[in-house]
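Chemist: File start_13.cif follows (mmCIF, C-alpha atoms):
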data_final
loop_
_atom_site.group_PDB
_atom_site.id
_atom_site.type_symbol
_atom_site.label_atom_id
_atom_site.label_comp_id
_atom_site.auth_asym_id
_atom_site.auth_seq_id
_atom_site.Cartn_x
_atom_site.Cartn_y
_atom_site.Cartn_z
ATOM 1 C CA PRO R 1 -13.878 -8.136 -25.788
ATOM 2 C CA GLY R 2 -15.727 -5.655 -28.018
ATOM 3 C CA ASP R 3 -19.102 -6.574 -26.531
ATOM 4 C CA TRP R 4 -17.600 -6.370 -23.039
ATOM 5 C CA ALA R 5 -16.358 -2.829 -23.676
ATOM 6 C CA ARG R 6 -19.724 -1.789 -25.150
ATOM 7 C CA TRP R 7 -21.583 -3.144 -22.146
ATOM 8 C CA GLY R 8 -19.229 -1.210 -19.908
ATOM 9 C CA GLN R 9 -20.068 1.984 -21.781
ATOM 10 C CA LEU R 10 -23.785 1.272 -21.492
ATOM 11 C CA LEU R 11 -23.365 1.006 -17.743
ATOM 12 C CA GLN R 12 -22.053 4.563 -17.417
ATOM 13 C CA GLY R 13 -25.492 6.167 -17.687
ATOM 14 C CA PRO R 14 -27.071 4.196 -14.809
ATOM 15 C CA LEU R 15 -23.939 4.730 -12.701
ATOM 16 C CA ARG R 16 -24.119 8.496 -13.213
ATOM 17 C CA THR R 17 -27.773 8.410 -12.181
ATOM 18 C CA LEU R 18 -26.930 6.487 -9.016
ATOM 19 C CA GLU R 19 -24.157 8.940 -8.167
ATOM 20 C CA HIS R 20 -26.506 11.879 -8.751
ATOM 21 C CA HIS R 21 -28.925 10.379 -6.211
ATOM 22 C CA ALA R 22 -26.181 9.058 -3.935
ATOM 23 C CA ALA R 23 -27.935 10.121 -0.728
ATOM 24 C CA ARG R 24 -30.797 7.727 -1.484
ATOM 25 C CA VAL R 25 -28.816 4.754 -2.789
ATOM 26 C CA ASP R 26 -29.083 1.431 -0.955
ATOM 27 C CA LEU R 27 -25.398 0.710 -1.365
ATOM 28 C CA THR R 28 -25.564 -2.815 0.048
ATOM 29 C CA GLU R 29 -27.968 -3.967 -2.658
ATOM 30 C CA VAL R 30 -26.396 -1.982 -5.491
ATOM 31 C CA ALA R 31 -22.859 -3.069 -4.590
ATOM 32 C CA ALA R 32 -23.842 -6.733 -4.735
ATOM 33 C CA ARG R 33 -25.317 -6.257 -8.206
ATOM 34 C CA LEU R 34 -22.305 -4.327 -9.485
ATOM 35 C CA ARG R 35 -19.904 -6.964 -8.164
ATOM 36 C CA SER R 36 -21.918 -9.724 -9.851
ATOM 37 C CA ILE R 37 -21.324 -8.184 -13.297
ATOM 38 C CA GLY R 38 -17.727 -7.109 -12.634
ATOM 39 C CA ALA R 39 -18.481 -3.367 -12.443
ATOM 40 C CA CYS R 40 -15.877 -2.849 -9.727
ATOM 41 C CA LYS R 41 -14.456 0.371 -11.149
ATOM 42 C CA GLY R 42 -17.866 2.009 -11.029
ATOM 43 C CA LEU R 43 -18.435 0.600 -7.554
ATOM 44 C CA VAL R 44 -15.386 2.461 -6.210
ATOM 45 C CA SER R 45 -16.687 5.735 -7.610
ATOM 46 C CA LEU R 46 -20.204 5.126 -6.315
ATOM 47 C CA ALA R 47 -19.081 4.049 -2.836
ATOM 48 C CA THR R 48 -16.960 7.162 -2.336
ATOM 49 C CA ARG R 49 -19.774 9.345 -3.667
ATOM 50 C CA VAL R 50 -22.299 7.796 -1.275
ATOM 51 C CA ALA R 51 -19.832 8.289 1.594
ATOM 52 C CA ARG R 52 -19.583 11.960 0.692
ATOM 53 C CA ALA R 53 -23.379 12.241 0.497
ATOM 54 C CA ARG R 54 -23.637 10.869 4.033
ATOM 55 C CA ASP R 55 -21.123 13.449 5.219
ATOM 56 C CA PRO R 56 -21.341 16.348 2.721
ATOM 57 C CA ARG R 57 -19.277 18.748 4.837
ATOM 58 C CA ASP R 58 -16.544 16.164 5.499
ATOM 59 C CA GLU R 59 -17.117 16.485 9.230
ATOM 60 C CA ALA R 60 -15.651 13.018 9.772
ATOM 61 C CA LEU R 61 -12.344 14.296 8.372
ATOM 62 C CA HIS R 62 -12.206 17.548 10.333
ATOM 63 C CA VAL R 63 -13.670 16.930 13.765
ATOM 64 C CA GLN R 64 -13.095 18.890 16.930
ATOM 65 C CA ASP R 65 -14.164 15.998 19.126
ATOM 66 C CA PRO R 66 -13.354 12.678 17.394
ATOM 67 C CA HIS R 67 -15.010 10.749 20.227
ATOM 68 C CA GLY R 68 -18.261 12.706 20.133
ATOM 69 C CA PRO R 69 -21.450 10.897 19.081
ATOM 70 C CA ARG R 70 -21.900 12.837 15.816
ATOM 71 C CA ALA R 71 -18.301 12.311 14.775
ATOM 72 C CA GLN R 72 -18.575 8.610 15.495
ATOM 73 C CA GLN R 73 -21.842 8.350 13.583
ATOM 74 C CA LEU R 74 -20.420 10.043 10.489
ATOM 75 C CA HIS R 75 -17.192 8.070 10.741
ATOM 76 C CA TYR R 76 -18.941 4.720 10.717
ATOM 77 C CA ALA R 77 -21.437 5.848 8.062
ATOM 78 C CA ARG R 78 -18.512 6.479 5.715
ATOM 79 C CA LEU R 79 -16.697 3.291 6.701
ATOM 80 C CA GLU R 80 -19.787 1.310 5.793
ATOM 81 C CA CYS R 81 -19.508 2.658 2.245
ATOM 82 C CA TYR R 82 -15.822 1.851 1.939
ATOM 83 C CA GLN R 83 -16.516 -1.696 3.084
ATOM 84 C CA ALA R 84 -18.163 -2.316 -0.273
ATOM 85 C CA VAL R 85 -14.772 -1.701 -1.899
ATOM 86 C CA ILE R 86 -12.950 -3.839 0.676
ATOM 87 C CA VAL R 87 -15.189 -6.779 -0.270
ATOM 88 C CA VAL R 88 -14.010 -6.468 -3.886
ATOM 89 C CA LEU R 89 -10.352 -6.318 -2.837
ATOM 90 C CA ASP R 90 -10.756 -9.350 -0.586
ATOM 91 C CA ASP R 91 -12.378 -11.321 -3.401
ATOM 92 C CA LEU R 92 -9.548 -10.465 -5.804
ATOM 93 C CA LEU R 93 -6.897 -11.257 -3.197
ATOM 94 C CA SER R 94 -8.468 -14.614 -2.420
ATOM 95 C CA LEU R 95 -8.525 -15.490 -6.116
ATOM 96 C CA ALA R 96 -4.953 -14.284 -6.638
ATOM 97 C CA ARG R 97 -3.727 -16.455 -3.785
ATOM 98 C CA GLN R 98 -5.180 -19.493 -5.505
ATOM 99 C CA ALA R 99 -2.811 -18.868 -8.414
ATOM 100 C CA SER R 100 0.233 -17.827 -6.369
ATOM 101 C CA PRO R 101 0.002 -18.171 -2.590
ATOM 102 C CA ASP R 102 3.147 -16.141 -1.862
ATOM 103 C CA ALA R 103 3.715 -13.557 -4.560
ATOM 104 C CA LEU R 104 1.366 -10.884 -3.270
ATOM 105 C CA TRP R 105 3.081 -10.309 0.014
ATOM 106 C CA LEU R 106 6.719 -11.034 -0.710
ATOM 107 C CA PRO R 107 8.657 -7.887 0.290
ATOM 108 C CA ASP R 108 10.301 -7.471 -3.104
ATOM 109 C CA SER R 109 7.206 -7.908 -5.252
ATOM 110 C CA GLY R 110 6.214 -4.884 -7.293
ATOM 111 C CA ALA R 111 9.280 -2.750 -6.576
ATOM 112 C CA ARG R 112 9.734 0.090 -9.028
ATOM 113 C CA GLY R 113 10.986 -1.320 -12.277
ATOM 114 C CA SER R 114 9.914 -4.834 -11.273
ATOM 115 C CA GLU R 115 6.301 -5.656 -12.043
ATOM 116 C CA ASP R 116 6.761 -9.430 -12.013
ATOM 117 C CA SER R 117 4.088 -10.229 -9.423
ATOM 118 C CA PHE R 118 1.357 -7.716 -10.184
ATOM 119 C CA GLY R 119 1.867 -7.078 -13.879
ATOM 120 C CA THR R 120 1.835 -3.650 -15.497
ATOM 121 C CA MET R 121 -1.874 -2.798 -15.409
ATOM 122 C CA ARG R 122 -2.536 0.555 -13.752
ATOM 123 C CA ALA R 123 -5.735 2.424 -12.919
ATOM 124 C CA ALA R 124 -5.979 3.962 -16.392
ATOM 125 C CA ASP R 125 -6.006 0.479 -17.943
ATOM 126 C CA LEU R 126 -8.765 -0.856 -15.710
ATOM 127 C CA PRO R 127 -11.801 -1.825 -17.814
ATOM 128 C CA ASP R 128 -15.279 -0.741 -16.807
ATOM 129 C CA LEU R 129 -16.231 -4.401 -16.434
ATOM 130 C CA LEU R 130 -13.850 -6.985 -15.023
ATOM 131 C CA PRO R 131 -14.131 -10.443 -16.565
ATOM 132 C CA THR R 132 -16.592 -12.729 -14.826
ATOM 133 C CA PRO R 133 -15.669 -15.365 -14.064
ATOM 134 C CA MET R 134 -12.055 -14.253 -13.730
ATOM 135 C CA ARG R 135 -9.034 -16.500 -14.194
ATOM 136 C CA ALA R 136 -7.060 -16.855 -10.965
ATOM 137 C CA GLY R 137 -3.884 -15.988 -12.856
ATOM 138 C CA ASP R 138 -5.296 -12.550 -13.767
ATOM 139 C CA ALA R 139 -6.539 -11.610 -10.302
ATOM 140 C CA ALA R 140 -3.274 -10.078 -9.032
ATOM 141 C CA MET R 141 -3.079 -7.810 -12.082
ATOM 142 C CA TYR R 142 -6.617 -6.548 -11.570
ATOM 143 C CA LEU R 143 -6.083 -6.209 -7.822
ATOM 144 C CA ASN R 144 -3.089 -3.962 -8.429
ATOM 145 C CA ALA R 145 -5.078 -1.827 -10.856
ATOM 146 C CA MET R 146 -7.930 -1.519 -8.352
ATOM 147 C CA LEU R 147 -5.507 -0.444 -5.632
ATOM 148 C CA CYS R 148 -3.982 2.145 -7.963
ATOM 149 C CA LEU R 149 -7.482 3.423 -8.695
ATOM 150 C CA CYS R 150 -8.273 3.763 -4.991
ATOM 151 C CA LEU R 151 -4.977 5.312 -3.881
ATOM 152 C CA GLU R 152 -3.575 7.174 -6.886
ATOM 153 C CA ASP R 153 -6.560 8.392 -8.882
ATOM 154 C CA HIS R 154 -7.160 12.131 -8.480
ATOM 155 C CA ALA R 155 -10.902 11.560 -7.989
ATOM 156 C CA HIS R 156 -10.253 10.072 -4.545
ATOM 157 C CA ARG R 157 -7.202 12.049 -3.351
ATOM 158 C CA ALA R 158 -9.217 14.333 -1.074
ATOM 159 C CA ASP R 159 -10.827 11.495 0.870
ATOM 160 C CA ALA R 160 -8.274 10.817 3.604
ATOM 161 C CA LEU R 161 -10.546 8.372 5.405
ATOM 162 C CA PHE R 162 -10.949 6.261 2.258
ATOM 163 C CA HIS R 163 -7.160 6.161 1.832
ATOM 164 C CA PHE R 164 -6.748 5.199 5.477
ATOM 165 C CA CYS R 165 -9.132 2.253 5.037
ATOM 166 C CA ILE R 166 -7.335 0.971 1.937
ATOM 167 C CA LEU R 167 -3.875 1.408 3.485
ATOM 168 C CA LYS R 168 -5.020 -0.348 6.643
ATOM 169 C CA TRP R 169 -6.323 -3.214 4.512
ATOM 170 C CA LEU R 170 -2.956 -3.502 2.753
ATOM 171 C CA LEU R 171 -1.129 -3.502 6.079
ATOM 172 C CA GLN R 172 -3.388 -6.174 7.553
ATOM 173 C CA ARG R 173 -2.989 -8.390 4.453
ATOM 174 C CA ASP R 174 0.810 -8.047 4.440
ATOM 175 C CA ILE R 175 0.827 -6.574 0.943
ATOM 176 C CA PRO R 176 3.695 -4.090 0.404
ATOM 177 C CA LEU R 177 1.905 -0.772 0.641
ATOM 178 C CA TRP R 178 4.971 1.372 -0.063
ATOM 179 C CA ARG R 179 4.531 0.718 -3.793
ATOM 180 C CA TYR R 180 1.453 2.976 -3.975
ATOM 181 C CA ASP R 181 1.576 6.761 -4.251
ATOM 182 C CA SER R 182 -1.102 7.767 -1.788
ATOM 183 C CA PRO R 183 -0.595 11.321 -0.502
ATOM 184 C CA TYR R 184 -1.359 9.988 2.988
ATOM 185 C CA LEU R 185 1.018 7.016 2.947
ATOM 186 C CA LYS R 186 3.993 8.515 4.751
ATOM 187 C CA ASN R 187 1.852 9.836 7.590
ATOM 188 C CA PHE R 188 0.059 6.486 7.789
ATOM 189 C CA LEU R 189 3.361 4.626 8.129
ATOM 190 C CA GLN R 190 4.582 7.042 10.796
ATOM 191 C CA THR R 191 1.414 6.876 12.871
ATOM 192 C CA HIS R 192 -0.206 3.487 12.240
ATOM 193 C CA ALA R 193 2.710 1.188 11.367
ATOM 194 C CA GLN R 194 5.085 2.043 14.169
ATOM 195 C CA ASP R 195 5.443 -1.641 15.013
ATOM 196 C CA GLN R 196 6.820 -2.204 11.495
ATOM 197 C CA PRO R 197 9.303 0.668 11.116
ATOM 198 C CA VAL R 198 11.091 -0.974 8.199
ATOM 199 C CA LEU R 199 8.080 -0.062 6.050
ATOM 200 C CA LEU R 200 9.108 3.587 6.246
ATOM 201 C CA CYS R 201 12.604 2.598 5.091
ATOM 202 C CA ARG R 202 11.064 0.848 2.131
ATOM 203 C CA TYR R 203 8.872 3.885 1.453
ATOM 204 C CA TYR R 204 11.973 6.056 1.009
ATOM 205 C CA GLN R 205 13.897 3.403 -0.911
ATOM 206 C CA HIS R 206 11.057 2.725 -3.343
ATOM 207 C CA ARG R 207 10.929 6.440 -4.187
ATOM 208 C CA HIS R 208 14.699 6.623 -4.697
ATOM 209 C CA ARG R 209 15.072 8.951 -1.726
ATOM 210 C CA TRP R 210 18.404 7.315 -1.031
ATOM 211 C CA ALA R 211 19.669 9.604 1.738
ATOM 212 C CA GLU R 212 16.491 9.262 3.794
ATOM 213 C CA ALA R 213 16.369 5.515 3.159
ATOM 214 C CA CYS R 214 19.994 5.087 4.221
ATOM 215 C CA ASP R 215 19.450 7.124 7.387
ATOM 216 C CA ALA R 216 16.268 5.243 8.226
ATOM 217 C CA TYR R 217 17.945 1.831 7.846
ATOM 218 C CA MET R 218 20.896 2.997 9.952
ATOM 219 C CA ALA R 219 18.612 4.313 12.686
ATOM 220 C CA LEU R 220 16.601 1.099 12.679
ATOM 221 C CA ALA R 221 19.777 -0.988 13.014
ATOM 222 C CA ARG R 222 20.619 0.990 16.163
ATOM 223 C CA ARG R 223 17.112 0.740 17.547
ATOM 224 C CA ALA R 224 16.218 -1.517 20.451
ATOM 225 C CA GLY R 225 13.877 -4.385 19.804
ATOM 226 C CA PRO R 226 10.939 -5.578 21.920
ATOM 227 C CA HIS R 227 11.448 -5.166 25.666
ATOM 228 C CA GLN R 228 14.349 -2.774 24.904
ATOM 229 C CA THR R 229 16.609 -5.629 23.834
ATOM 230 C CA GLN R 230 18.890 -5.290 20.838
ATOM 231 C CA LEU R 231 17.752 -6.644 17.512
ATOM 232 C CA PRO R 232 19.355 -9.972 16.599
ATOM 233 C CA TYR R 233 22.790 -9.694 15.020
ATOM 234 C CA ALA R 234 21.657 -11.005 11.626
ATOM 235 C CA GLU R 235 18.819 -8.478 11.446
ATOM 236 C CA ARG R 236 21.119 -5.571 12.272
ATOM 237 C CA VAL R 237 23.636 -6.634 9.634
ATOM 238 C CA ALA R 238 20.870 -7.032 7.041
ATOM 239 C CA LEU R 239 19.557 -3.540 7.819
ATOM 240 C CA LEU R 240 23.050 -2.065 7.537
ATOM 241 C CA GLN R 241 23.553 -3.816 4.228
ATOM 242 C CA SER R 242 20.322 -2.241 3.003
ATOM 243 C CA ALA R 243 21.691 1.121 4.160
ATOM 244 C CA ALA R 244 24.910 0.455 2.242
ATOM 245 C CA LEU R 245 22.904 -0.426 -0.863
ATOM 246 C CA CYS R 246 21.138 2.947 -0.688
ATOM 247 C CA ALA R 247 24.354 4.829 0.071
ATOM 248 C CA ARG R 248 25.883 3.486 -3.149
ATOM 249 C CA MET R 249 23.127 5.016 -5.272
ATOM 250 C CA PRO R 250 23.845 8.185 -7.284
ATOM 251 C CA ASP R 251 22.985 11.422 -5.486
ATOM 252 C CA SER R 252 22.601 9.659 -2.128
ATOM 253 C CA ASN R 253 25.048 12.103 -0.497
ATOM 254 C CA ARG R 254 25.933 9.334 1.921
ATOM 255 C CA ARG R 255 29.325 7.682 2.319
ATOM 256 C CA VAL R 256 29.060 3.949 1.977
ATOM 257 C CA GLU R 257 32.415 3.599 3.751
ATOM 258 C CA LEU R 258 30.830 4.767 6.993
ATOM 259 C CA VAL R 259 28.127 2.129 6.723
ATOM 260 C CA LEU R 260 30.655 -0.602 5.985
ATOM 261 C CA GLN R 261 32.717 0.545 8.973
ATOM 262 C CA ARG R 262 29.648 0.172 11.150
ATOM 263 C CA ILE R 263 29.175 -3.377 9.869
ATOM 264 C CA GLU R 264 32.799 -4.200 10.721
ATOM 265 C CA GLN R 265 32.370 -2.609 14.143
ATOM 266 C CA LEU R 266 29.279 -4.716 14.747
ATOM 267 C CA LYS R 267 31.230 -7.838 13.807
ATOM 268 C CA ARG R 268 33.960 -6.947 16.274
ATOM 269 C CA GLU R 269 31.421 -6.372 19.015
ATOM 270 C CA GLU R 270 29.917 -9.785 18.302
ATOM 271 C CA GLY R 271 33.317 -11.487 18.032
ATOM 272 C CA ARG R 272 32.679 -12.430 14.422
ATOM 273 C CA LEU R 273 35.319 -10.368 12.675
ATOM 274 C CA GLY R 274 37.081 -12.402 10.016
ATOM 275 C CA GLN R 275 34.257 -14.880 9.639
ATOM 276 C CA GLU R 276 32.886 -15.272 6.144
ATOM 277 C CA GLU R 277 29.266 -14.278 6.482
ATOM 278 C CA LEU R 278 26.774 -13.221 3.871
ATOM 279 C CA PHE R 279 23.550 -11.586 4.917
ATOM 280 C CA GLN R 280 21.335 -10.370 2.147
ATOM 281 C CA PRO R 281 19.672 -6.995 2.722
ATOM 282 C CA GLN R 282 16.587 -7.730 4.757
ATOM 283 C CA PHE R 283 14.331 -6.415 2.029
ATOM 284 C CA PRO R 284 16.168 -6.849 -1.278
ATOM 285 C CA ASP R 285 14.935 -4.736 -4.157
ATOM 286 C CA PRO R 286 15.168 -6.355 -7.614
ATOM 287 C CA PHE R 287 15.384 -2.912 -9.211
ATOM 288 C CA LEU R 288 18.426 -1.999 -7.132
ATOM 289 C CA ALA R 289 20.049 -5.333 -7.879
ATOM 290 C CA ARG R 290 20.034 -4.495 -11.577
ATOM 291 C CA ARG R 291 21.500 -0.989 -11.192
#
If you took the structure in this file and wrote it as structure tokens, what would it be?

Modeler:
Amino acid sequence: PGDWARWGQLLQGPLRTLEHHAARVDLTEVAARLRSIGACKGLVSLATRVARARDPRDEALHVQDPHGPRAQQLHYARLECYQAVIVVLDDLLSLARQASPDALWLPDSGARGSEDSFGTMRAADLPDLLPTPMRAGDAAMYLNAMLCLCLEDHAHRADALFHFCILKWLLQRDIPLWRYDSPYLKNFLQTHAQDQPVLLCRYYQHRHRWAEACDAYMALARRAGPHQTQLPYAERVALLQSAALCARMPDSNRRVELVLQRIEQLKREEGRLGQEELFQPQFPDPFLARR
């Protein structure tokens, strides 16, 4: 471990040189070399720096005509840089799935106060060099730390397009993205995850914004499903139970009695009043269960 840390320190000089000459870096070649030695932390920094060098005035982030040829050119030039980071995340995810095929995308994994699936490693704990080869059992921990680095580190907070790429990757891989504190997450959920509205509920719940979470679950339970049909009975009850869970939290300013009345009303409408039924909240939170 001592030698590994020393080698990581020795790498900082060459990385700073590459970042200083970011406009001339062949990122495809350099990224492959950095991945081969586990220098994934430095790769994130270099990739975002090269993206900025290709678009120094951030025109891809503030365009008047997003469909114009220059905007498209700059957009894809930056995306090409971020793809180097996506390759690292995909490699870690593939390895993590070998150890635990389900843990990474279970809805309750990694809720605040419950780090059972991803471990406790955060961006600040990420070593300069990841172990190579890496044990499959450690991959989820390092993946979480890499995601924290990408989405929560102040060095990358201004790059909205980079955040969008990482959040889109999380959404496509069915990894709970509400756990990460990206400044662009709420807007992303509202604009790019409209077909999964429960994610916004989880966003509020994970941040202990109980009133907003309760209201969002209630609204979703009333919402029509595909083709304007009602959601199935079990789904509506599960959503209302999640709303009740949030309403019971301190400082929620919501009356749980009203939610429970709505559940009873739904049972009457479905002719199930008096039946012993138990529907768990659709997205149970281990942290809430221990409160």

Chemist: What is the distance between atom CA of R:Ser36 and atom CA of R:Arg173, in Å to one decimal?

Modeler: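 Going from atom CA of R:Ser36 over to atom CA of R:Arg173, I get 23.8 Å.
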
Chemist: Write out as a ChimeraX atom specification the residues lying within 8 Å of R:Thr48, counting only C-alpha atoms and excluding same-chain residues fewer than 5 positions away.

Modeler: /R:81-82,156,162

Chemist: Return the single residue from R:Glu235, R:Asp159, R:Glu270, R:Glu212 that is closest to R:Pro56, with distances computed using all atoms listed in the file.

Modeler: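 Result for the nearest residue to R:Pro56: R:Asp159.
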
Chemist: For R:Cys150, which residue among R:Leu130, R:Ala47, R:Ala32, R:Leu61 is the nearest when counting all atoms listed in the file?

Modeler: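 Of all the options, R:Ala47 lies closest to R:Cys150.
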
Chemist: Check the smallest atom-to-atom distance from each of R:Cys201, R:Leu161, R:Leu11, R:Glu19 to R:Tyr76 using all atoms listed in the file, then report the winner.

Modeler: R:Leu161

Chemist: In terms of the shortest atom-to-atom distance over all atoms listed in the file, which of R:Arg255, R:His21, R:His206, R:Arg157 is closest to R:Leu177?

Modeler: R:His206

Chemist: Quick one: distance from atom CA of R:Arg135 to atom CA of R:Leu92 in Å, one decimal?

Modeler: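 Atom-to-atom, atom CA of R:Arg135 and atom CA of R:Leu92 are spaced 10.3 Å apart.
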
Chemist: Enclose the full set of atoms of stretch 250-257 of chain R listed in the file within a box whose edges lie along x, y and z, apply 8 Å of padding to each of the six sides, and report centre and edge lengths in Å to one decimal as AutoDock Vina command-line options.

Modeler:
--center_x 27.5 --center_y 7.9 --center_z -1.8 --size_x 25.8 --size_y 24.5 --size_z 27.0

Chemist: How many Å separate atom CA of R:Leu245 from atom CA of R:Val259?

Modeler: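 So the answer is 9.6 Å.
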
Chemist: Could you state which residues are captured by the PyMOL selection byres ((chain R and resi 131) around 10) in this file, as a PyMOL selection string?

Modeler: chain R and resi 1+4+37-39+127-130+132-135+138-139+142

Chemist: Can you list, as a ChimeraX atom specification, the residues that the PyMOL selection byres ((chain R and resi 185-198) around 9) selects here?

Modeler: /R:163-164,167-168,171,177-178,180-184,199-203,216-217,220,239,283

Chemist: Taking the file above as input, evaluate the PyMOL selection byres ((chain R and resi 148) around 9) and report the hits as an MDAnalysis selection string.

Modeler: chainID R and resid 122:124 143:147 149:153 180:182

Chemist: Excluding R:Ile86 and its own-chain neighbours fewer than 4 positions away, which residues fall within 8 Å of it when counting all atoms listed in the file? Please give them as a list of chain:residue names.

Modeler: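 After dropping sequence-adjacent residues, the list is R:Tyr82, R:Asp90, R:Ile166, R:Trp169.
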